[in-house]
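See structure below.
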Protein chains: 2
Amino acid sequence: MTRTLALETIDKIGQEVALYGWVATVRKHGKIAFIDLRDRSGIVQTVDTSGKIKVGSEDVVKITGIVKKRPEKMINPKLNTGTVELEIKNLKIISKAAELPFPIDTDGYDINEEIRMKYRYIDIRRPRMTKNLKIRSQVTTFIRNFLTKRDFVEVETPMLTKTTPEGARDFVVPSRLQKGKFYALPQSPQQYKQLLMVAGLERYFQIVRCFRDEDPRKDRAYGEFTQLDLEMSFVEQEDILQLTEELFTQIVTAIFPDKQILQSPWPRISHKEALEKYGSDKPDLRVNKNNPDELAFSWTIDFPLFKEQSKDDFFYGAGSAKFAPSHHMFTAPHPDDIRFLDADPLKVRGLQHDLVLNGYEVGGGSIRIHRPEIQEKVFDLIGFTKEQKKQFEHMLTAFTYGVPPHGGIAPGIDRFLMAVLSEPSVREAMAFPTSSSGQTSVMDAPSEITEDQLKELGLILRK
Amino acid sequence: MTRTLALETIDKIGQEVALYGWVATVRKHGKIAFIDLRDRSGIVQTVDTSGKIKVGSEDVVKITGIVKKRPEKMINPKLNTGTVELEIKNLKIISKAAELPFPIDTDGYDINEEIRMKYRYIDIRRPRMTKNLKIRSQVTTFIRNFLTKRDFVEVETPMLTKTTPEGARDFVVPSRLQKGKFYALPQSPQQYKQLLMVAGLERYFQIVRCFRDEDPRKDRAYGEFTQLDLEMSFVEQEDILQLTEELFTQIVTAIFPDKQILQSPWPRISHKEALEKYGSDKPDLRVNKNNPDELAFSWTIDFPLFKEQSKDDFFYGAGSAKFAPSHHMFTAPHPDDIRFLDADPLKVRGLQHDLVLNGYEVGGGSIRIHRPEIQEKVFDLIGFTKEQKKQFEHMLTAFTYGVPPHGGIAPGIDRFLMAVLSEPSVREAMAFPTSSSGQTSVMDAPSEITEDQLKELGLILRK
């Protein structure tokens, strides 16, 4: 007999079917046992009247039986299969389940997170988590279809790449073939996407893993995050804002129909106004912050191109200069402000745009510099040494072979999901997040490697 | 004036339009210059009769002018815009191009590959390369839609994970927060996808980057590759083969209509027969190997579960035992052969299936072990020490909480594209491949890191 899903039973009244799944609950009333069976489509109630079936919660089973229509007053409106139940003819236990380390019929927020992560494969059975993962998949599929329909090409860029002084701390990967040297995991595909514009692709995107070795924060996962990385040629900032706005509006309409976008078109707030009026460059514009259905999108624009370097800044002490890019070093200065680059760099606005949702910075982007002489000027203002500049020589070289004006944006997928799902942490929207202290879910990593591996990589552990 | 794409000119005869793109060629006939403009949609001929325009190949330009219908005998059937040309009113150079390091109007196979990779952003302008990247994007989009329509959920699994003795050599990432310890980059998400089956997702896929530090081979890229990773619960081998066959057949029909699948359903050949009849477990079943349009898909099945350990084997010397998994340690033994596990392990067939295309192994998969006692038995036969077994303890633990029978497959995206595009190397289907000696495209990596970085990671370079 081919398999019937729980949800399909409602169309098979009177038929004999075979169901496969997990025992969600067992409730006994004298000789009668009600066994809720759960599979990927939902839950259906099955009934044993023999009194002989012995089965436990979370056992994996095959149940055959006849689908019966429930009497009107026995209909369960909480189940989408509530109009039927299955009269069990046979139940076979495929895999016994030991007692779970924690309940999965609650939202799970009050369970110690370390334990949830150790048994993440059980934690995901929790309906909230299953739903979050399914929605994540729907969102990324939606994005891909939206963009490919608009001539965007998804291009995969390397994960083993070059360490560059780009902002945050790199993760590095020791090279075995060239001992003493290292690859870096990408903080973002920023340079590659700009090179793809030089290559003439014009419209690139990628849903891509990025890596930053940043110190733990409460609502983050350590080490990795996923962003929608996109870049367009022959566009102005306006084009990027419009495309992004249309994309996110359509995502909300299609996948989160209960959510309300508060203002459309999204408000655009200058960096100066945001600080003065809201005290933050990512203002929370919700009317009622306790209403989880409110989505207050906005743009923050007109950022200063530079800020003063501070000790916390990655570029601190790079050279003699005292400026750090407030976005990143590839952001173009506002055309009206190029004249201030020499005399008063802090006065120059950058063509940066930050996507803000409910007080979170969900993504940032900019129009990029495409003139090599401006790029060099910015490197000088940051104070790059000759050696540091040499690390970006390929970009300056690329810009001599015919480069289109270009720009883009990189919204964070985890961060967007956290905001739209009203979750307290991005980890609630990821399958196997690494804890904020750097411990992986389920598997015990980081872990020691063998002396042979160290030798092969040309490394010694510092005592 | 809003931008018009080259291809859109054919519908705008008599109109004034603005085009943006690259100068593909300049041909002068006396005072008349024919300037081919290239953008993402194609090429259109523009004409300057003023004799005053000075422009060079690969300059990025904006051209405004009037679209004219070409006289019947001037139509260029080689261009999809061959029925029109643009009479230039104004040409503005947006970005000058220096002379390219190599031509891009050839197929490029005869150009030194190191040079192609150094200037990959120019190499991609080559029509063959642009086409390969666009097709790659179409293929992955097609796969995602095919699977999501069938209830599959795309789940992202971690890149910073645990080193395990799983087959090939790991890339490792030193931990800053736990000095002396390391993450490993995944060789495949094998364990995570099995854990997602324990989690009840039932149908998982991911188009995912995988990492193996393997010694260089001519037709490969070093270090990274991309696979379609998929796993299903409550299925038999037959279900996986059928789904895969339908997926690839539909990809070929939709994206490679000129290609012919030689046999359908795909032949299924036992490992024994493949070796005896073809001398290879990935036989090339094409009738005419010089015909690039022939696609000979086949399955190799009934592999032995174990082979004898050899010195080349990753498990060599793992313990006192002498067996190595011929696929991987999670592959289920054929139910008819479980009885041989004790007495004659080499006689046991595994439920493994290899997808073969034109003599390449494009992917492998299997029905997995879901009974913890069988999994332990296999670990013992490989000769895992207690310590090595401990590294997989989480899998054995997971299997005690109700695990569905499951299995899957992982076709290589790069390898499939190489075969279907008749390319000599997977590198021709990747944007920025790493050379077989481990050197990255465009950027100079691997490279040295600073003493401060080494210190922060608790590492010393071996002299």
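We label chains A, B, ... in the order they appear in the structure tokens, count residues from 1 in each chain, and number ligands from 1 in the order shown.
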
**Report entry** Backbone DSSP call of alpha helix (DSSP H) for region 170-342 of chain A, listed as a VMD selection string
**Finding:** chain A and resid 190 to 198 237 to 255 271 to 273

Report task. Considering only C-alpha atoms, state which residue in the set B:Pro372, B:Pro127, B:Pro411, B:Pro267 is at the smallest distance from Ile207 (chain B). Result -> B:Pro411

Report task. Would you kindly return, as JSON, numbers by chain, each protein, DNA or RNA residue with an atom no farther than 7 Å from any atom of region 12-29 of chain B, considering only C-alpha atoms and excluding same-chain residues fewer than 6 positions away? Result -> {"B": [1, 2, 3, 4, 5, 6, 35, 36, 37, 38, 39, 56, 57, 58, 59, 60, 61, 62, 63, 64, 65, 66, 67, 68, 69]}

Query raised in the report: Do you know which residues are at most 10 Å from Pro283 (chain B) counting only C-alpha atoms, after dropping those on the same chain fewer than 6 positions away, and could you put them as a list in words?
Result: Ile269, Ala274, Leu275, Lys277, Ala296, Phe297, Ser298, Trp299, Thr300, Val356, Leu357, Asn358, Gly359, Tyr360 and Glu361 of chain B

Query raised in the report: If you count only C-alpha atoms, which residues fall within 10 Å of Ile255 (chain B), apart from same-chain ones fewer than 5 positions away, as a PyMOL selection string?
Result: chain B and resi 135-136+138-139+142+250

Query - Residue list for chain B near chain A as an MDAnalysis selection string, 6 Å, only C-alpha atoms - result: chainID B and resid 58:60 95:98 121:122 124:125 137 153:154 162 173 181:183 195 199 400:403 445:448 458:462

Report task. Based on DSSP run over this structure's backbone, return all residues of region 126-237 of chain B in strand (DSSP E), as a PyMOL selection string. Result -> chain B and resi 153-154+172-174+182-184+203-212+223-233

Requested in this report: Choose the residue, out of A:Lys218, A:Lys322, A:Lys149, A:Arg268, that has the smallest atom-to-atom separation from Ile301 (chain A); count only C-alpha atoms.
Outcome: A:Arg268

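If you look at CA of Gln45 (chain A) and CA of Glu236 (chain B), they are 26.1 Å away from each other.
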
Query - Point-to-point distance from CA of Gly407 (chain B) to CA of Phe303 (chain B), Å rounded to tenths - result: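 Between CA of Gly407 (chain B) and CA of Phe303 (chain B) the gap works out to 15.6 Å.
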